[in-house]
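For reference, data.cif is printed below; it contains mmCIF, C-alpha atoms.
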data_coords
#
loop_
_atom_site.label_atom_id
_atom_site.label_comp_id
_atom_site.auth_asym_id
_atom_site.auth_seq_id
_atom_site.Cartn_x
_atom_site.Cartn_y
_atom_site.Cartn_z
CA MET A 1 46.41 -93.77 -14.58
CA LYS A 2 47.25 -93.40 -10.92
CA THR A 3 43.73 -94.00 -9.65
CA TYR A 4 43.52 -97.22 -11.66
CA ALA A 5 46.73 -98.44 -10.06
CA ALA A 6 45.50 -97.42 -6.63
CA ALA A 7 42.16 -99.14 -7.04
CA ASN A 8 43.55 -102.30 -8.62
CA PRO A 9 46.49 -103.99 -6.94
CA ALA A 10 48.92 -105.14 -9.61
CA LYS A 11 48.35 -108.81 -8.97
CA TYR A 12 44.62 -108.55 -9.64
CA ARG A 13 44.68 -106.93 -13.05
CA VAL A 14 43.86 -108.12 -16.55
CA GLY A 15 46.62 -110.70 -16.68
CA MET A 16 45.25 -112.54 -13.68
CA TRP A 17 41.69 -112.54 -14.95
CA ALA A 18 42.87 -113.74 -18.35
CA PHE A 19 44.56 -116.68 -16.61
CA VAL A 20 41.55 -117.45 -14.42
CA LEU A 21 39.15 -117.35 -17.36
CA HIS A 22 41.48 -119.54 -19.39
CA ARG A 23 41.41 -122.21 -16.72
CA LEU A 24 37.68 -121.84 -16.14
CA THR A 25 36.84 -122.20 -19.84
CA GLY A 26 39.27 -125.10 -20.06
CA VAL A 27 37.58 -127.05 -17.28
CA VAL A 28 34.10 -126.22 -18.59
CA LEU A 29 35.05 -127.32 -22.11
CA THR A 30 36.47 -130.57 -20.74
CA LEU A 31 33.19 -131.30 -18.97
CA TYR A 32 31.32 -130.36 -22.13
CA LEU A 33 33.42 -132.80 -24.14
CA LEU A 34 32.37 -135.59 -21.82
CA ALA A 35 28.70 -134.60 -21.99
CA HIS A 36 28.88 -134.28 -25.79
CA MET A 37 30.28 -137.77 -26.24
CA ILE A 38 27.68 -139.26 -23.93
CA VAL A 39 24.72 -137.46 -25.51
CA ILE A 40 25.65 -138.28 -29.10
CA SER A 41 26.55 -141.89 -28.43
CA THR A 42 23.46 -142.69 -26.35
CA ALA A 43 21.27 -140.99 -28.94
CA ALA A 44 22.72 -143.10 -31.72
CA VAL A 45 22.92 -146.43 -29.98
CA SER A 46 19.17 -147.01 -29.99
CA GLY A 47 18.80 -146.43 -33.70
CA THR A 48 17.32 -143.96 -36.14
CA LEU A 49 14.20 -142.85 -34.31
CA SER A 50 15.82 -141.93 -31.04
CA PHE A 51 18.71 -140.13 -32.75
CA ASP A 52 16.40 -138.08 -34.97
CA ASN A 53 14.29 -137.14 -31.96
CA VAL A 54 17.31 -136.10 -29.92
CA MET A 55 18.61 -134.06 -32.86
CA GLU A 56 15.24 -132.34 -33.18
CA THR A 57 15.35 -131.35 -29.53
CA LEU A 58 18.97 -130.22 -29.81
CA HIS A 59 18.04 -127.91 -32.68
CA GLU A 60 15.46 -125.99 -30.73
CA PRO A 61 16.19 -122.26 -30.56
CA TRP A 62 17.16 -122.23 -26.87
CA VAL A 63 19.68 -125.04 -27.39
CA ILE A 64 21.26 -123.19 -30.30
CA ALA A 65 21.44 -120.11 -28.09
CA LEU A 66 23.26 -122.18 -25.46
CA GLU A 67 25.62 -123.35 -28.17
CA LEU A 68 26.56 -119.73 -28.68
CA LEU A 69 27.76 -119.69 -25.08
CA LEU A 70 29.77 -122.81 -25.75
CA ILE A 71 31.36 -121.27 -28.82
CA ALA A 72 32.11 -118.14 -26.77
CA ALA A 73 34.03 -120.33 -24.31
CA VAL A 74 35.94 -121.97 -27.18
CA VAL A 75 36.69 -118.59 -28.75
CA TYR A 76 37.95 -117.12 -25.47
CA HIS A 77 40.14 -120.13 -24.72
CA LEU A 78 41.50 -120.11 -28.25
CA MET A 79 42.24 -116.37 -28.28
CA ASN A 80 43.97 -116.37 -24.92
CA GLY A 81 45.71 -119.57 -26.00
CA VAL A 82 47.13 -117.78 -29.04
CA ARG A 83 48.36 -115.06 -26.66
CA LEU A 84 50.09 -117.71 -24.53
CA LEU A 85 51.67 -119.35 -27.57
CA LEU A 86 53.05 -115.95 -28.58
CA PHE A 87 54.60 -115.57 -25.14
CA ASP A 88 56.08 -119.06 -25.32
CA ILE A 89 58.08 -118.02 -28.37
CA GLY A 90 59.01 -114.80 -26.62
CA ILE A 91 56.81 -112.39 -28.53
CA GLY A 92 54.99 -109.55 -26.85
CA ILE A 93 55.41 -110.34 -23.17
CA ARG A 94 55.87 -106.65 -22.39
CA ARG A 95 52.77 -105.76 -24.37
CA GLN A 96 50.64 -108.54 -22.91
CA LYS A 97 47.67 -106.36 -22.04
CA GLY A 98 47.46 -104.80 -25.48
CA ILE A 99 47.74 -108.17 -27.13
CA PHE A 100 45.02 -109.51 -24.86
CA TRP A 101 42.56 -106.81 -25.85
CA VAL A 102 43.38 -107.06 -29.56
CA LEU A 103 42.72 -110.80 -29.45
CA MET A 104 39.51 -110.24 -27.52
CA LEU A 105 38.38 -107.88 -30.29
CA VAL A 106 39.11 -110.61 -32.83
CA GLY A 107 37.13 -113.01 -30.66
CA LEU A 108 34.24 -110.56 -30.46
CA ALA A 109 34.22 -110.31 -34.24
CA ALA A 110 34.16 -114.10 -34.46
CA MET A 111 31.23 -114.23 -32.04
CA ALA A 112 29.35 -111.59 -34.01
CA TRP A 113 29.82 -113.61 -37.19
CA THR A 114 28.79 -116.83 -35.45
CA THR A 115 25.66 -115.25 -34.00
CA ALA A 116 24.71 -113.89 -37.39
CA ALA A 117 25.28 -117.28 -39.03
CA LEU A 118 23.18 -119.12 -36.46
CA TRP A 119 20.51 -116.46 -36.11
CA PRO A 120 18.09 -118.07 -38.59
CA LEU A 121 18.06 -121.17 -36.42
CA ILE A 122 17.44 -119.18 -33.24
CA ALA A 123 14.84 -116.76 -34.50
CA ARG A 124 12.53 -119.26 -36.19
CA MET B 1 79.38 -143.98 -15.27
CA ALA B 2 78.68 -143.50 -18.98
CA VAL B 3 75.46 -145.54 -18.84
CA ALA B 4 74.04 -143.53 -15.94
CA GLU B 5 74.67 -140.33 -17.88
CA ARG B 6 72.52 -141.54 -20.75
CA ILE B 7 69.51 -142.84 -18.88
CA PRO B 8 67.49 -140.15 -17.04
CA GLY B 9 67.09 -140.83 -13.35
CA LEU B 10 69.39 -143.79 -13.29
CA ALA B 11 72.22 -142.00 -11.49
CA GLY B 12 69.81 -141.00 -8.73
CA LYS B 13 68.54 -144.51 -8.37
CA ILE B 14 72.03 -145.99 -8.27
CA ALA B 15 73.04 -143.53 -5.57
CA GLY B 16 70.05 -144.75 -3.57
CA LYS B 17 68.15 -141.48 -3.77
CA GLN B 18 64.76 -140.99 -5.39
CA ILE B 19 65.45 -138.02 -7.63
CA ASP B 20 62.78 -137.14 -10.13
CA THR B 21 64.61 -135.68 -13.08
CA ASP B 22 61.50 -135.27 -15.20
CA THR B 23 61.20 -131.57 -15.96
CA GLY B 24 57.83 -131.91 -17.59
CA ALA B 25 59.23 -130.46 -20.78
CA LEU B 26 57.62 -133.08 -22.99
CA SER B 27 54.22 -132.52 -21.46
CA TRP B 28 54.73 -128.75 -21.81
CA ALA B 29 55.59 -129.08 -25.48
CA MET B 30 52.79 -131.54 -26.15
CA GLN B 31 50.26 -129.19 -24.56
CA ARG B 32 51.27 -126.47 -27.03
CA PHE B 33 51.39 -128.91 -29.96
CA THR B 34 47.96 -130.35 -29.22
CA ALA B 35 46.71 -126.79 -28.69
CA LEU B 36 47.60 -126.00 -32.31
CA LEU B 37 46.02 -129.22 -33.55
CA VAL B 38 42.84 -128.73 -31.55
CA GLY B 39 42.63 -125.09 -32.61
CA ILE B 40 42.55 -126.13 -36.24
CA PHE B 41 40.43 -129.27 -35.89
CA ILE B 42 37.79 -127.64 -33.73
CA VAL B 43 37.26 -124.80 -36.17
CA VAL B 44 37.00 -127.30 -39.04
CA HIS B 45 34.67 -129.53 -36.99
CA LEU B 46 32.37 -126.66 -36.03
CA TRP B 47 32.37 -125.34 -39.58
CA LEU B 48 31.52 -128.67 -41.21
CA LEU B 49 28.80 -129.50 -38.74
CA HIS B 50 27.18 -126.15 -38.08
CA PHE B 51 28.11 -123.46 -40.55
CA THR B 52 27.86 -124.99 -43.98
CA ALA B 53 24.93 -123.86 -46.09
CA GLN B 54 23.22 -127.17 -45.50
CA ALA B 55 23.66 -127.00 -41.74
CA THR B 56 22.22 -123.49 -41.38
CA SER B 57 19.36 -124.16 -43.78
CA GLY B 58 17.15 -125.47 -41.01
CA GLU B 59 16.90 -128.94 -42.53
CA PRO B 60 16.62 -131.50 -39.75
CA VAL B 61 19.69 -133.47 -38.78
CA THR B 62 18.90 -137.16 -38.98
CA LEU B 63 20.89 -140.33 -38.54
CA ILE B 64 20.64 -140.83 -42.29
CA SER B 65 21.93 -137.36 -43.13
CA VAL B 66 24.84 -137.83 -40.76
CA ARG B 67 25.64 -141.20 -42.31
CA GLU B 68 25.55 -139.62 -45.75
CA ARG B 69 28.03 -137.02 -44.59
CA MET B 70 30.22 -139.67 -42.96
CA ALA B 71 30.33 -141.71 -46.19
CA SER B 72 33.61 -139.94 -46.85
CA PRO B 73 36.24 -141.39 -44.50
CA TRP B 74 37.85 -137.97 -43.97
CA TYR B 75 35.12 -137.03 -41.52
CA PHE B 76 35.86 -140.08 -39.43
CA ILE B 77 39.60 -139.39 -39.55
CA LEU B 78 39.04 -135.74 -38.59
CA ASP B 79 36.84 -136.73 -35.67
CA VAL B 80 39.32 -139.29 -34.35
CA LEU B 81 42.27 -136.88 -34.66
CA LEU B 82 40.24 -134.14 -32.99
CA LEU B 83 39.21 -136.46 -30.17
CA ALA B 84 42.73 -137.77 -29.54
CA SER B 85 44.41 -134.36 -29.50
CA LEU B 86 41.58 -132.79 -27.51
CA LEU B 87 41.63 -135.56 -24.91
CA TYR B 88 45.37 -135.09 -24.44
CA HIS B 89 45.06 -131.32 -24.20
CA SER B 90 42.08 -131.40 -21.82
CA LEU B 91 43.42 -134.03 -19.47
CA ASN B 92 46.91 -132.55 -19.40
CA GLY B 93 45.29 -129.18 -18.67
CA LEU B 94 43.27 -130.77 -15.87
CA ARG B 95 46.51 -132.26 -14.60
CA SER B 96 48.06 -128.78 -14.38
CA VAL B 97 45.09 -127.44 -12.48
CA LEU B 98 45.08 -130.40 -10.10
CA ILE B 99 48.81 -130.09 -9.47
CA ASP B 100 48.33 -126.42 -8.66
CA TRP B 101 45.69 -127.46 -6.17
CA GLY B 102 48.10 -129.85 -4.52
CA VAL B 103 46.64 -133.09 -5.83
CA GLY B 104 49.38 -135.57 -6.62
CA SER B 105 52.04 -133.77 -4.61
CA ARG B 106 53.04 -137.06 -3.04
CA SER B 107 52.22 -139.33 -5.93
CA GLY B 108 52.45 -137.44 -9.18
CA LYS B 109 52.69 -140.74 -11.01
CA VAL B 110 49.33 -141.88 -9.65
CA LEU B 111 47.74 -138.68 -10.89
CA SER B 112 49.33 -138.90 -14.33
CA GLY B 113 48.61 -142.61 -14.59
CA THR B 114 44.96 -142.17 -13.67
CA LEU B 115 44.47 -139.39 -16.20
CA LEU B 116 46.26 -141.46 -18.83
CA VAL B 117 43.93 -144.41 -18.25
CA ILE B 118 40.89 -142.13 -18.34
CA GLY B 119 42.16 -140.64 -21.58
CA ILE B 120 42.65 -143.99 -23.25
CA LEU B 121 39.24 -145.21 -22.11
CA LEU B 122 37.55 -142.06 -23.39
CA LEU B 123 39.36 -142.33 -26.72
CA VAL B 124 38.18 -145.92 -27.17
CA TYR B 125 34.66 -144.91 -26.10
CA GLY B 126 34.65 -142.02 -28.55
CA ILE B 127 35.77 -144.12 -31.49
CA TRP B 128 33.21 -146.76 -30.58
CA ALA B 129 30.54 -144.02 -30.44
CA LEU B 130 31.35 -142.99 -34.02
CA ILE B 131 30.69 -146.42 -35.43
CA PRO B 132 26.87 -146.21 -35.73
CA PHE B 133 27.40 -143.20 -37.99
CA THR B 134 29.66 -145.02 -40.39
CA LEU B 135 27.45 -147.99 -41.23
CA GLY B 136 26.09 -148.03 -44.76
CA GLN B 137 22.75 -149.61 -44.01
CA TYR B 138 19.80 -147.43 -43.26
#
Written as structure tokens, how would this file's structure read?
Amino acid sequence: MKTYAAANPAKYRVGMWAFVLHRLTGVVLTLYLLAHMIVISTAAVSGTLSFDNVMETLHEPWVIALELLLIAAVVYHLMNGVRLLLFDIGIGIRRQKGIFWVLMLVGLAAMAWTTAALWPLIAR
Amino acid sequence: MAVAERIPGLAGKIAGKQIDTDTGALSWAMQRFTALLVGIFIVVHLWLLHFTAQATSGEPVTLISVRERMASPWYFILDVLLLASLLYHSLNGLRSVLIDWGVGSRSGKVLSGTLLVIGILLLVYGIWALIPFTLGQY
């Protein structure tokens, strides 16, 4: 694949993007964690009525759709994380690209399943 | 000296030099360990809260229904374990990113200490936030 090599300098290939996305999803998920704790705790602190109202809003179709994005971030980070754990025990470093794409396929399958499971809540 | 051989960093301090002998191996290992824990706990957490038959049935989530679920202490334990391991993993990850960006190059201890304090505060806050869901009274 000479043209691929010519068009893509070695340092900017899949491995780099995998690393960048891993960090990006990590930071985003950290910020989400903070937001999640704040939303749930402030909803609950004022009692039943406010919590139930917040929950109703958070179960609107567009929020569930956003949650799919969140789960996609978790799935990516987890899949690439598994790849990194494999490397840490010395497995597959020479086949890193193949392993990346296999894990992404697994992640895609997980996302398909998740979307199907949540679809009734989105399509109502 | 035999004592200086057993205590990390002591030989450097005795010689009058500030040598940091911390390789970061513990933090490296803990990041992987918490990664495994979080990987499992997050999947369980998402499953129990969003993918059980009851959760996808469209029935509204109310404070009462959450309290009914939390009547079993295992949910509370799972949430606390998830929060603790996730906080470690997130903040240690943030620490790696910040170090790569040059933050804490002069005072790595200030960076680590700050993140540690933030982590402990967030853990306490998170456990406190769970309490309204564990009360028996409606």
Distance-based interface of chain B with chain A, 8 Å, counting all atoms listed in the file, as a ChimeraX atom specification = /B:32,35,39,51,56,58,60-64,90-91,93-94,97,126,129-130,132-133
Atom CA of B:Val38 sits from atom CA of B:Leu86 at a separation of 5.9 Å
What gap, in Å, lies between atom CA of A:Ile89 and atom CA of A:Ala73?
-> 24.5 Å
Around (44.8, -137.4, -27.2), as given in the file, which residues come within 10 Å? Count only C-alpha atoms and list them as a PDB file with C-alpha atoms, in the coordinates of the input.
ATOM      1  CA  MET B  30      52.790-131.540 -26.150  1.00  0.00           C
ATOM      2  CA  THR B  34      47.960-130.350 -29.220  1.00  0.00           C
ATOM      3  CA  VAL B  38      42.840-128.730 -31.550  1.00  0.00           C
ATOM      4  CA  VAL B  80      39.320-139.290 -34.350  1.00  0.00           C
ATOM      5  CA  LEU B  81      42.270-136.880 -34.660  1.00  0.00           C
ATOM      6  CA  LEU B  82      40.240-134.140 -32.990  1.00  0.00           C
ATOM      7  CA  LEU B  83      39.210-136.460 -30.170  1.00  0.00           C
ATOM      8  CA  ALA B  84      42.730-137.770 -29.540  1.00  0.00           C
ATOM      9  CA  SER B  85      44.410-134.360 -29.500  1.00  0.00           C
ATOM     10  CA  LEU B  86      41.580-132.790 -27.510  1.00  0.00           C
ATOM     11  CA  LEU B  87      41.630-135.560 -24.910  1.00  0.00           C
ATOM     12  CA  TYR B  88      45.370-135.090 -24.440  1.00  0.00           C
ATOM     13  CA  HIS B  89      45.060-131.320 -24.200  1.00  0.00           C
ATOM     14  CA  SER B  90      42.080-131.400 -21.820  1.00  0.00           C
ATOM     15  CA  LEU B  91      43.420-134.030 -19.470  1.00  0.00           C
ATOM     16  CA  ASN B  92      46.910-132.550 -19.400  1.00  0.00           C
ATOM     17  CA  LEU B 116      46.260-141.460 -18.830  1.00  0.00           C
ATOM     18  CA  GLY B 119      42.160-140.640 -21.580  1.00  0.00           C
ATOM     19  CA  ILE B 120      42.650-143.990 -23.250  1.00  0.00           C
ATOM     20  CA  LEU B 122      37.550-142.060 -23.390  1.00  0.00           C
ATOM     21  CA  LEU B 123      39.360-142.330 -26.720  1.00  0.00           C
TER      22      LEU B 123
END
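The interatomic distance for the pair atom CA of A:Ala116 and atom CA of A:Ile64 works out to 12.2 Å.
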A:Ala10, A:Leu70, A:Met104, A:Ile99: which is nearest A:Thr25, counting all atoms listed in the file?
->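 Checking each candidate against A:Thr25, we get A:Leu70 as the closest.
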With all atoms of stretch 64-74 of chain A from the file as input, state the centre and edge lengths in Å to one decimal of the axis-aligned box that has 6 Å extra on each side, as JSON.
{"center_x": 28.6, "center_y": -120.7, "center_z": -27.3, "size_x": 26.7, "size_y": 17.2, "size_z": 18.0}
